[in-house]
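Colleague: Contents of protein_28.txt (compact mmCIF, C-alpha atoms) are below:
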```txt
# COMPACT_ATOMS: atom_id res chain seq x y z
CA MET A 1 -12.20 -17.88 -126.70
CA THR A 2 -10.29 -14.75 -127.69
CA TRP A 3 -11.30 -11.21 -126.69
CA SER A 4 -12.45 -10.42 -130.22
CA GLU A 5 -14.67 -13.53 -130.25
CA PHE A 6 -16.13 -12.56 -126.87
CA SER A 7 -16.78 -9.00 -128.10
CA ALA A 8 -18.65 -10.43 -131.06
CA ARG A 9 -20.85 -12.49 -128.72
CA GLN A 10 -21.40 -9.68 -126.20
CA PRO A 11 -24.57 -8.22 -127.82
CA LEU A 12 -25.95 -11.76 -127.97
CA LEU A 13 -25.29 -12.27 -124.25
CA GLU A 14 -26.81 -8.90 -123.33
CA GLN A 15 -29.99 -9.67 -125.25
CA ALA A 16 -30.13 -13.12 -123.66
CA CYS A 17 -29.85 -11.57 -120.18
CA TRP A 18 -32.74 -9.20 -120.88
CA ASP A 19 -34.82 -12.05 -122.29
CA THR A 20 -34.22 -14.12 -119.16
CA LEU A 21 -35.12 -11.23 -116.86
CA TYR A 22 -38.22 -10.51 -118.96
CA MET A 23 -39.46 -14.11 -118.76
CA VAL A 24 -38.68 -14.49 -115.07
CA GLY A 25 -40.14 -11.10 -114.14
CA TRP A 26 -43.53 -11.61 -115.78
CA SER A 27 -43.85 -15.24 -114.70
CA THR A 28 -43.01 -14.23 -111.12
CA LEU A 29 -45.76 -11.60 -111.09
CA ILE A 30 -48.28 -14.12 -112.41
CA ALA A 31 -47.09 -16.80 -109.99
CA VAL A 32 -47.45 -14.47 -107.00
CA ALA A 33 -50.88 -13.28 -108.15
CA GLY A 34 -52.10 -16.86 -108.54
CA GLY A 35 -50.14 -18.63 -105.82
CA LEU A 36 -50.77 -16.22 -102.95
CA PRO A 37 -54.58 -16.61 -102.80
CA LEU A 38 -54.24 -20.32 -103.53
CA GLY A 39 -51.84 -20.82 -100.62
CA VAL A 40 -54.01 -18.79 -98.25
CA LEU A 41 -57.06 -20.78 -99.38
CA LEU A 42 -55.27 -24.02 -98.54
CA VAL A 43 -54.86 -22.78 -94.98
CA LEU A 44 -58.37 -21.37 -94.61
CA THR A 45 -60.11 -24.51 -95.88
CA ASP A 46 -58.04 -26.92 -93.80
CA ARG A 47 -59.35 -28.54 -90.60
CA GLY A 48 -59.86 -25.83 -88.01
CA GLY A 49 -59.54 -23.09 -90.61
CA LEU A 50 -61.81 -20.10 -90.90
CA LEU A 51 -63.39 -21.54 -94.06
CA GLN A 52 -63.09 -25.20 -93.13
CA ASN A 53 -64.00 -27.40 -96.08
CA VAL A 54 -62.18 -30.71 -96.09
CA VAL A 55 -63.37 -31.73 -99.56
CA ALA A 56 -62.31 -28.45 -101.18
CA ASN A 57 -59.00 -28.56 -99.34
CA LYS A 58 -58.25 -32.09 -100.53
CA VAL A 59 -59.16 -31.26 -104.12
CA ILE A 60 -57.04 -28.09 -104.19
CA GLY A 61 -54.18 -29.90 -102.47
CA GLN A 62 -54.21 -32.75 -104.97
CA VAL A 63 -54.26 -30.36 -107.94
CA VAL A 64 -51.30 -28.49 -106.48
CA ASN A 65 -49.40 -31.72 -105.79
CA ILE A 66 -49.97 -33.07 -109.30
CA ALA A 67 -48.88 -29.79 -110.89
CA ARG A 68 -45.77 -29.64 -108.71
CA SER A 69 -44.77 -33.22 -109.48
CA MET A 70 -44.76 -32.72 -113.26
CA PRO A 71 -41.27 -32.12 -114.71
CA PHE A 72 -41.04 -28.70 -116.29
CA ILE A 73 -39.85 -29.93 -119.69
CA ILE A 74 -42.94 -32.19 -119.90
CA LEU A 75 -45.17 -29.35 -118.74
CA MET A 76 -43.92 -27.14 -121.57
CA VAL A 77 -44.74 -29.80 -124.14
CA ALA A 78 -48.14 -30.55 -122.59
CA LEU A 79 -49.10 -26.86 -122.64
CA MET A 80 -48.04 -26.14 -126.23
CA ASN A 81 -51.59 -25.93 -127.57
CA PHE A 82 -52.67 -23.78 -124.64
CA THR A 83 -49.62 -21.56 -125.08
CA ARG A 84 -50.33 -21.17 -128.80
CA SER A 85 -53.94 -20.20 -128.08
CA ILE A 86 -52.77 -17.41 -125.77
CA THR A 87 -49.63 -16.07 -127.44
CA GLY A 88 -50.09 -17.31 -131.00
CA THR A 89 -46.77 -19.16 -130.92
CA THR A 90 -44.88 -21.80 -128.96
CA ILE A 91 -41.39 -20.30 -129.24
CA GLY A 92 -39.88 -17.11 -127.94
CA ARG A 93 -39.87 -15.41 -124.57
CA GLU A 94 -43.59 -14.52 -124.56
CA ALA A 95 -44.53 -18.14 -125.17
CA ALA A 96 -42.20 -19.31 -122.40
CA ILE A 97 -43.98 -17.15 -119.82
CA VAL A 98 -47.10 -19.35 -119.98
CA PRO A 99 -45.54 -22.65 -118.81
CA LEU A 100 -43.17 -20.81 -116.49
CA ALA A 101 -46.04 -19.11 -114.68
CA ILE A 102 -48.26 -22.20 -114.58
CA GLY A 103 -45.40 -24.29 -113.25
CA ALA A 104 -44.52 -21.72 -110.59
CA ILE A 105 -48.04 -21.10 -109.24
CA PRO A 106 -48.40 -24.42 -107.34
CA PHE A 107 -44.76 -24.20 -106.21
CA PHE A 108 -45.31 -20.74 -104.74
CA ALA A 109 -48.71 -21.74 -103.30
CA ARG A 110 -47.11 -24.42 -101.11
CA LEU A 111 -44.51 -21.94 -99.89
CA VAL A 112 -47.29 -19.48 -99.06
CA GLU A 113 -49.18 -22.18 -97.18
CA THR A 114 -46.12 -22.94 -95.05
CA ALA A 115 -45.53 -19.24 -94.34
CA VAL A 116 -49.15 -18.51 -93.38
CA ARG A 117 -49.34 -21.53 -91.06
CA GLU A 118 -46.53 -20.01 -88.98
CA VAL A 119 -48.69 -17.02 -87.97
CA ASP A 120 -49.61 -17.01 -84.29
CA GLY A 121 -53.18 -18.25 -83.84
CA GLY A 122 -53.62 -15.83 -80.94
CA LEU A 123 -53.54 -12.89 -83.32
CA VAL A 124 -56.29 -14.46 -85.41
CA GLU A 125 -58.42 -14.98 -82.31
CA ALA A 126 -57.81 -11.38 -81.23
CA VAL A 127 -59.03 -10.03 -84.56
CA GLN A 128 -62.09 -12.28 -84.47
CA SER A 129 -62.93 -11.17 -80.93
CA MET A 130 -62.89 -7.57 -82.18
CA GLY A 131 -65.41 -8.37 -84.91
CA GLY A 132 -63.06 -9.07 -87.80
CA ASN A 133 -64.34 -11.34 -90.56
CA THR A 134 -62.31 -13.76 -92.65
CA TRP A 135 -61.20 -11.11 -95.13
CA THR A 136 -60.09 -8.87 -92.28
CA VAL A 137 -58.09 -11.70 -90.73
CA VAL A 138 -56.35 -12.35 -94.04
CA ARG A 139 -55.68 -8.69 -94.77
CA LYS A 140 -54.73 -7.55 -91.27
CA VAL A 141 -53.03 -10.61 -89.80
CA LEU A 142 -52.18 -13.54 -92.06
CA VAL A 143 -50.52 -11.66 -94.91
CA PRO A 144 -48.80 -8.87 -92.90
CA GLU A 145 -47.49 -11.21 -90.20
CA SER A 146 -46.13 -13.71 -92.72
CA LEU A 147 -44.69 -11.04 -95.03
CA PRO A 148 -40.99 -11.76 -94.25
CA SER A 149 -41.55 -15.44 -95.03
CA LEU A 150 -43.51 -14.51 -98.14
CA ILE A 151 -40.59 -12.40 -99.34
CA SER A 152 -38.27 -15.36 -98.83
CA SER A 153 -40.74 -17.60 -100.66
CA THR A 154 -40.84 -15.17 -103.57
CA THR A 155 -37.05 -15.15 -103.70
CA THR A 156 -37.00 -18.95 -103.78
CA THR A 157 -39.56 -18.91 -106.59
CA VAL A 158 -37.55 -16.40 -108.64
CA VAL A 159 -34.42 -18.54 -108.31
CA ALA A 160 -36.37 -21.63 -109.38
CA LEU A 161 -37.83 -19.73 -112.35
CA ILE A 162 -34.36 -18.74 -113.52
CA GLY A 163 -33.51 -22.43 -113.64
CA TYR A 164 -36.78 -23.17 -115.45
CA SER A 165 -36.09 -20.40 -117.98
CA ALA A 166 -32.70 -21.90 -118.75
CA MET A 167 -34.45 -25.22 -119.35
CA ALA A 168 -36.99 -23.48 -121.58
CA GLY A 169 -34.12 -22.49 -123.84
CA THR A 170 -34.02 -26.06 -125.11
CA VAL A 171 -37.30 -25.46 -127.00
CA GLY A 172 -36.43 -22.06 -128.42
CA ALA A 173 -37.59 -19.83 -125.58
CA GLY A 174 -34.54 -17.62 -125.80
CA GLY A 175 -32.53 -16.31 -122.88
CA LEU A 176 -29.28 -17.54 -121.40
CA GLY A 177 -30.37 -21.18 -121.53
CA ASP A 178 -30.82 -20.90 -125.29
CA ILE A 179 -27.32 -19.45 -125.66
CA ALA A 180 -25.82 -22.25 -123.59
CA ILE A 181 -27.58 -24.91 -125.68
CA ARG A 182 -27.11 -23.46 -129.18
CA TYR A 183 -23.57 -22.19 -128.81
CA GLY A 184 -22.10 -23.98 -125.81
CA TYR A 185 -23.43 -27.45 -126.59
CA GLN A 186 -24.38 -27.66 -130.26
CA ARG A 187 -21.46 -25.57 -131.55
CA PHE A 188 -18.95 -26.78 -128.95
CA GLU A 189 -18.17 -23.26 -127.69
CA THR A 190 -17.51 -24.45 -124.16
CA GLU A 191 -16.14 -21.11 -122.97
CA LEU A 192 -19.36 -19.34 -123.92
CA MET A 193 -21.38 -21.94 -122.06
CA TRP A 194 -19.37 -21.36 -118.89
CA ILE A 195 -19.78 -17.61 -119.30
CA THR A 196 -23.58 -18.05 -119.33
CA VAL A 197 -23.29 -20.24 -116.24
CA ALA A 198 -21.28 -17.53 -114.50
CA ILE A 199 -23.83 -14.86 -115.47
CA LEU A 200 -26.65 -17.01 -114.10
CA ALA A 201 -24.71 -17.54 -110.86
CA VAL A 202 -24.19 -13.79 -110.45
CA VAL A 203 -27.85 -13.00 -111.16
CA ILE A 204 -29.06 -15.63 -108.71
CA SER A 205 -26.64 -14.42 -106.02
CA VAL A 206 -27.83 -10.82 -106.40
CA ILE A 207 -31.50 -11.82 -106.26
CA GLN A 208 -30.92 -14.07 -103.25
CA PHE A 209 -29.04 -11.32 -101.40
CA ALA A 210 -31.74 -8.74 -102.13
CA GLY A 211 -34.52 -11.12 -101.05
CA ASP A 212 -32.74 -12.11 -97.83
CA TYR A 213 -32.03 -8.46 -97.00
CA ALA A 214 -35.66 -7.46 -97.57
CA ALA A 215 -36.93 -10.38 -95.46
CA ARG A 216 -34.56 -9.57 -92.58
CA SER A 217 -35.48 -5.88 -92.70
CA LEU A 218 -39.21 -6.66 -92.53
CA HIS A 219 -38.64 -9.17 -89.75
CA ARG A 220 -36.74 -6.65 -87.63
CA ARG A 221 -39.34 -3.96 -88.28
CA GLY A 222 -42.17 -6.31 -87.35
CA GLY A 223 -40.38 -7.48 -84.22
CA SER A 224 -39.85 -3.92 -82.98
CA SER A 225 -43.36 -2.64 -83.65
CA GLY A 226 -45.38 -5.74 -82.79
CA PRO A 227 -48.91 -6.56 -83.91
CA ALA A 228 -50.66 -3.96 -81.77
CA PRO A 229 -50.70 -1.15 -84.39
CA ARG A 230 -52.40 -3.44 -86.87
CA LEU A 231 -55.05 -4.48 -84.38
CA ARG A 232 -55.93 -0.85 -83.65
CA LEU A 233 -57.05 -0.49 -87.26
CA LEU A 234 -59.86 -3.00 -86.78
CA LYS A 235 -63.41 -1.96 -86.09
CA ALA A 236 -65.00 -3.57 -83.08
CA LYS A 237 -68.62 -4.56 -82.78
CA GLU A 238 -69.11 -3.13 -79.29
CA PRO A 239 -68.12 0.37 -78.19
CA ALA A 240 -66.59 -0.99 -75.00
CA THR A 241 -64.21 -3.16 -76.92
CA ALA A 242 -63.29 -0.25 -79.17
CA ASP A 243 -62.53 1.93 -76.10
CA ILE A 244 -60.31 -0.76 -74.64
CA SER A 245 -58.41 -1.11 -77.92
CA LYS A 246 -57.89 2.66 -78.08
CA VAL A 247 -56.51 2.71 -74.56
CA ALA A 248 -54.22 -0.21 -75.46
```
Could you quickly redo this structure as structure tokens?
Modeller:
Amino acid sequence: MTWSEFSARQPLLEQACWDTLYMVGWSTLIAVAGGLPLGVLLVLTDRGGLLQNVVANKVIGQVVNIARSMPFIILMVALMNFTRSITGTTIGREAAIVPLAIGAIPFFARLVETAVREVDGGLVEAVQSMGGNTWTVVRKVLVPESLPSLISSTTTTVVALIGYSAMAGTVGAGGLGDIAIRYGYQRFETELMWITVAILAVVISVIQFAGDYAARSLHRRGGSSGPAPRLRLLKAKEPATADISKVA
């Protein structure tokens, strides 16, 4: 590929980059909004959990497992009618967000479940002894204490969604995957295909670095401050317990 040919394709590549970031950004937000409570619920309803319900836990777990096991290309086809009912079309970046988000929610939920299970049970017991209910435990302990792992889980989900978005290009979703298929494969412009691969590699590397840096920063901050400041925010049932917590 000559420089003039690359210059002619440059606006196409720039638009494809923005389309990929647009699809991945919105689907990540939806995946986090849906996967975070689902992952926490899997922990709470498990045996010994604060909301122990074995039947509900098994049902939710099976739904998550089935959704995770479905190949993304099949999921896109299976959701075409649902996608059309929401976006009015089955092609384009807006239409691609629907299967991307639905496919990422169970994936992120399992990562959230793993992260939340790593929280020290002693902190949960401490909050309960001070009168904290289930919502307080989730808000004051489970989510804050697992935040570094949740950041890493989000990074992993974003990287996976970038791969999914490239796959979505095979059905006209747009983005870098669409460029690689239409020009790199169908028109035999191999150089352009490798350029899209390089762009994807750079984007993934930047996102992975930013996610790892944020997770390490939160981990160091949490390790230096400890859980005590969070526990002081809780309201105790008995004045004596409140006085002890203030002294602590």
Colleague: If we count only C-alpha atoms, what is near Val137 of chain A at a cut-off of 7 Å, once residues fewer than 5 positions away on the same chain are taken out, given as a ChimeraX atom specification?
Modeller: /A:124,127,132,142
Colleague: Just checking: using only C-alpha atoms, which residue out of A:Thr196, A:Ser165, A:Ser27, A:Asn57 ends up closest to Ala180 of chain A?
Modeller: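 Using only C-alpha atoms, the shortest distance to Ala180 of chain A belongs to A:Thr196.
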Colleague: Which residue out of A:Met193, A:Val59, A:Leu44, A:Val143 has the minimum interatomic distance to Ala115 of chain A when only C-alpha atoms are used?
Modeller: A:Val143
Colleague: If you measure from atom CA of Leu36 of chain A to atom CA of Arg139 of chain A, what distance in Å do you get, rounded to one decimal?
Modeller: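 Going from atom CA of Leu36 of chain A over to atom CA of Arg139 of chain A covers 12.2 Å.
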Colleague: Separation of atom CA of Thr170 of chain A and atom CA of Ser85 of chain A, in Å?
Modeller: 21.0 Å
Colleague: Rounded to one decimal in Å, what is the spacing between atom CA of Phe107 of chain A and atom CA of Ile151 of chain A?
Modeller: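 Taking atom CA of Phe107 of chain A and atom CA of Ile151 of chain A, their separation equals 14.3 Å.
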Colleague: Determine the nearest neighbour of Asn53 of chain A from the options A:Leu41, A:Leu147, A:Met167, A:Asp212, counting only C-alpha atoms.
Modeller: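 Checking each candidate against Asn53 of chain A, we get A:Leu41 as the closest.
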Colleague: Compile the contact shell of Ile105 of chain A as an NGL selection string: residues with an atom at most 6 Å away, counting all atoms listed in the file, same-chain residues fewer than 5 positions apart removed.
Modeller: :A and (31 or 34-35)
Colleague: Give me the residues near Asn81 of chain A as number ranges by chain, where near means some atom within 10 Å (using only C-alpha atoms) and where sequence neighbours in that chain fewer than 6 positions away do not count.
Modeller: A: 88-90
Colleague: Of the candidates A:Gly25, A:Gly92, A:Gly211, A:Pro37, which shows the shortest atom-to-atom distance to Pro106 of chain A, using only C-alpha atoms?
Modeller: A:Pro37
Colleague: Which residues of segment 113-169 of chain A sit at most 12 Å from segment 202-205 of chain A, using all atoms listed in the file? Give each one's shortest atom pair and distance in Å (one decimal place), in chain and ascending residue order, as CSV.
Modeller:
```
residue,atom,partner,partner_atom,distance
A:Thr155,CA,A:Ile204,CA,9.4
A:Thr156,CA,A:Ile204,CA,9.9
A:Thr157,CA,A:Ile204,CA,11.2
A:Val158,CA,A:Ile204,CA,8.5
A:Val159,CA,A:Ile204,CA,6.1
A:Ala160,CA,A:Ile204,CA,9.5
A:Leu161,CA,A:Ile204,CA,10.3
A:Ile162,CA,A:Ile204,CA,7.8
A:Gly163,CA,A:Ile204,CA,9.5
```
Colleague: The residues within 8 Å of (-41.5, -25.1, -117.9), using all atoms listed in the file and the coordinates of the file, should be reported as a PyMOL selection string; which are they?
Modeller: chain A and resi 71-76+96+99-100+103+164-165+167-168
Colleague: Skip Trp18 of chain A itself and residues of its chain fewer than 4 positions away, then list as an mmCIF file with C-alpha atoms, in the coordinates of the input all residues within 10 Å of it, counting all atoms listed in the file.
Modeller:
```cif
data_model
loop_
_atom_site.group_PDB
_atom_site.id
_atom_site.type_symbol
_atom_site.label_atom_id
_atom_site.label_comp_id
_atom_site.auth_asym_id
_atom_site.auth_seq_id
_atom_site.Cartn_x
_atom_site.Cartn_y
_atom_site.Cartn_z
ATOM 1 C CA LEU A 13 -25.290 -12.270 -124.250
ATOM 2 C CA GLU A 14 -26.810 -8.900 -123.330
ATOM 3 C CA TYR A 22 -38.220 -10.510 -118.960
ATOM 4 C CA MET A 23 -39.460 -14.110 -118.760
ATOM 5 C CA VAL A 24 -38.680 -14.490 -115.070
ATOM 6 C CA GLY A 174 -34.540 -17.620 -125.800
ATOM 7 C CA GLY A 175 -32.530 -16.310 -122.880
ATOM 8 C CA LEU A 176 -29.280 -17.540 -121.400
#
```
Colleague: From the options A:Ile60, A:Ser129, A:Leu200, A:Ser146, which residue's atoms come nearest to Val112 of chain A, counting all atoms listed in the file?
Modeller: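 Looking only at the distances to Val112 of chain A, the closest residue turns out to be A:Ser146.
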Colleague: Take segment 48-59 of chain A, bring it up to all heavy atoms, and give me the output as a PDB file, in the frame of the given file.
Modeller:
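File written: selection09.pdb
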```pdb
ATOM      1  N   GLY A  48     -60.039 -26.896 -88.963  1.00  0.00           N
ATOM      2  CA  GLY A  48     -59.860 -25.830 -88.010  1.00  0.00           C
ATOM      3  C   GLY A  48     -59.678 -24.466 -88.624  1.00  0.00           C
ATOM      4  O   GLY A  48     -59.506 -23.473 -87.903  1.00  0.00           O
ATOM      5  N   GLY A  49     -59.698 -24.380 -89.948  1.00  0.00           N
ATOM      6  CA  GLY A  49     -59.540 -23.090 -90.610  1.00  0.00           C
ATOM      7  C   GLY A  49     -60.806 -22.266 -90.576  1.00  0.00           C
ATOM      8  O   GLY A  49     -61.894 -22.754 -90.242  1.00  0.00           O
ATOM      9  N   LEU A  50     -60.675 -21.012 -90.945  1.00  0.00           N
ATOM     10  CA  LEU A  50     -61.810 -20.100 -90.900  1.00  0.00           C
ATOM     11  C   LEU A  50     -62.871 -20.463 -91.934  1.00  0.00           C
ATOM     12  O   LEU A  50     -64.048 -20.142 -91.752  1.00  0.00           O
ATOM     13  CB  LEU A  50     -61.335 -18.661 -91.123  1.00  0.00           C
ATOM     14  CG  LEU A  50     -60.343 -18.114 -90.090  1.00  0.00           C
ATOM     15  CD1 LEU A  50     -59.929 -16.699 -90.444  1.00  0.00           C
ATOM     16  CD2 LEU A  50     -60.936 -18.153 -88.689  1.00  0.00           C
ATOM     17  N   LEU A  51     -62.451 -21.101 -93.014  1.00  0.00           N
ATOM     18  CA  LEU A  51     -63.390 -21.540 -94.060  1.00  0.00           C
ATOM     19  C   LEU A  51     -63.316 -23.060 -94.206  1.00  0.00           C
ATOM     20  O   LEU A  51     -63.248 -23.580 -95.314  1.00  0.00           O
ATOM     21  CB  LEU A  51     -63.081 -20.867 -95.393  1.00  0.00           C
ATOM     22  CG  LEU A  51     -63.138 -19.335 -95.432  1.00  0.00           C
ATOM     23  CD1 LEU A  51     -62.690 -18.820 -96.790  1.00  0.00           C
ATOM     24  CD2 LEU A  51     -64.545 -18.840 -95.110  1.00  0.00           C
ATOM     25  N   GLN A  52     -63.329 -23.760 -93.118  1.00  0.00           N
ATOM     26  CA  GLN A  52     -63.090 -25.200 -93.130  1.00  0.00           C
ATOM     27  C   GLN A  52     -63.976 -25.922 -94.146  1.00  0.00           C
ATOM     28  O   GLN A  52     -65.198 -25.843 -94.108  1.00  0.00           O
ATOM     29  CB  GLN A  52     -63.332 -25.798 -91.742  1.00  0.00           C
ATOM     30  CG  GLN A  52     -63.141 -27.302 -91.688  1.00  0.00           C
ATOM     31  CD  GLN A  52     -63.255 -27.851 -90.279  1.00  0.00           C
ATOM     32  OE1 GLN A  52     -62.792 -27.240 -89.327  1.00  0.00           O
ATOM     33  NE2 GLN A  52     -63.885 -29.006 -90.146  1.00  0.00           N
ATOM     34  N   ASN A  53     -63.315 -26.602 -95.061  1.00  0.00           N
ATOM     35  CA  ASN A  53     -64.000 -27.400 -96.080  1.00  0.00           C
ATOM     36  C   ASN A  53     -63.018 -28.489 -96.512  1.00  0.00           C
ATOM     37  O   ASN A  53     -62.171 -28.270 -97.370  1.00  0.00           O
ATOM     38  CB  ASN A  53     -64.430 -26.538 -97.267  1.00  0.00           C
ATOM     39  CG  ASN A  53     -65.343 -27.283 -98.227  1.00  0.00           C
ATOM     40  OD1 ASN A  53     -65.167 -28.469 -98.475  1.00  0.00           O
ATOM     41  ND2 ASN A  53     -66.322 -26.574 -98.762  1.00  0.00           N
ATOM     42  N   VAL A  54     -63.158 -29.645 -95.882  1.00  0.00           N
ATOM     43  CA  VAL A  54     -62.180 -30.710 -96.090  1.00  0.00           C
ATOM     44  C   VAL A  54     -62.145 -31.162 -97.538  1.00  0.00           C
ATOM     45  O   VAL A  54     -61.071 -31.402 -98.103  1.00  0.00           O
ATOM     46  CB  VAL A  54     -62.495 -31.902 -95.157  1.00  0.00           C
ATOM     47  CG1 VAL A  54     -61.498 -33.033 -95.398  1.00  0.00           C
ATOM     48  CG2 VAL A  54     -62.449 -31.463 -93.699  1.00  0.00           C
ATOM     49  N   VAL A  55     -63.311 -31.269 -98.169  1.00  0.00           N
ATOM     50  CA  VAL A  55     -63.370 -31.730 -99.560  1.00  0.00           C
ATOM     51  C   VAL A  55     -62.639 -30.749-100.473  1.00  0.00           C
ATOM     52  O   VAL A  55     -61.797 -31.145-101.301  1.00  0.00           O
ATOM     53  CB  VAL A  55     -64.826 -31.914-100.014  1.00  0.00           C
ATOM     54  CG1 VAL A  55     -64.877 -32.285-101.491  1.00  0.00           C
ATOM     55  CG2 VAL A  55     -65.508 -32.991 -99.173  1.00  0.00           C
ATOM     56  N   ALA A  56     -62.961 -29.465-100.343  1.00  0.00           N
ATOM     57  CA  ALA A  56     -62.310 -28.450-101.180  1.00  0.00           C
ATOM     58  C   ALA A  56     -60.811 -28.431-100.928  1.00  0.00           C
ATOM     59  O   ALA A  56     -60.008 -28.290-101.868  1.00  0.00           O
ATOM     60  CB  ALA A  56     -62.921 -27.086-100.914  1.00  0.00           C
ATOM     61  N   ASN A  57     -60.417 -28.571 -99.680  1.00  0.00           N
ATOM     62  CA  ASN A  57     -59.000 -28.560 -99.340  1.00  0.00           C
ATOM     63  C   ASN A  57     -58.262 -29.732 -99.974  1.00  0.00           C
ATOM     64  O   ASN A  57     -57.154 -29.573-100.497  1.00  0.00           O
ATOM     65  CB  ASN A  57     -58.837 -28.590 -97.814  1.00  0.00           C
ATOM     66  CG  ASN A  57     -57.389 -28.490 -97.388  1.00  0.00           C
ATOM     67  OD1 ASN A  57     -56.718 -29.495 -97.188  1.00  0.00           O
ATOM     68  ND2 ASN A  57     -56.905 -27.274 -97.226  1.00  0.00           N
ATOM     69  N   LYS A  58     -58.882 -30.910 -99.940  1.00  0.00           N
ATOM     70  CA  LYS A  58     -58.250 -32.090-100.530  1.00  0.00           C
ATOM     71  C   LYS A  58     -58.134 -31.943-102.053  1.00  0.00           C
ATOM     72  O   LYS A  58     -57.108 -32.305-102.643  1.00  0.00           O
ATOM     73  CB  LYS A  58     -59.053 -33.336-100.189  1.00  0.00           C
ATOM     74  CG  LYS A  58     -59.046 -33.712 -98.709  1.00  0.00           C
ATOM     75  CD  LYS A  58     -57.649 -34.085 -98.249  1.00  0.00           C
ATOM     76  CE  LYS A  58     -57.669 -34.524 -96.789  1.00  0.00           C
ATOM     77  NZ  LYS A  58     -56.289 -34.844 -96.291  1.00  0.00           N
ATOM     78  N   VAL A  59     -59.181 -31.427-102.676  1.00  0.00           N
ATOM     79  CA  VAL A  59     -59.160 -31.260-104.120  1.00  0.00           C
ATOM     80  C   VAL A  59     -58.079 -30.261-104.531  1.00  0.00           C
ATOM     81  O   VAL A  59     -57.263 -30.524-105.444  1.00  0.00           O
ATOM     82  CB  VAL A  59     -60.539 -30.797-104.639  1.00  0.00           C
ATOM     83  CG1 VAL A  59     -60.461 -30.416-106.109  1.00  0.00           C
ATOM     84  CG2 VAL A  59     -61.574 -31.899-104.431  1.00  0.00           C
TER      85      VAL A  59
END
```
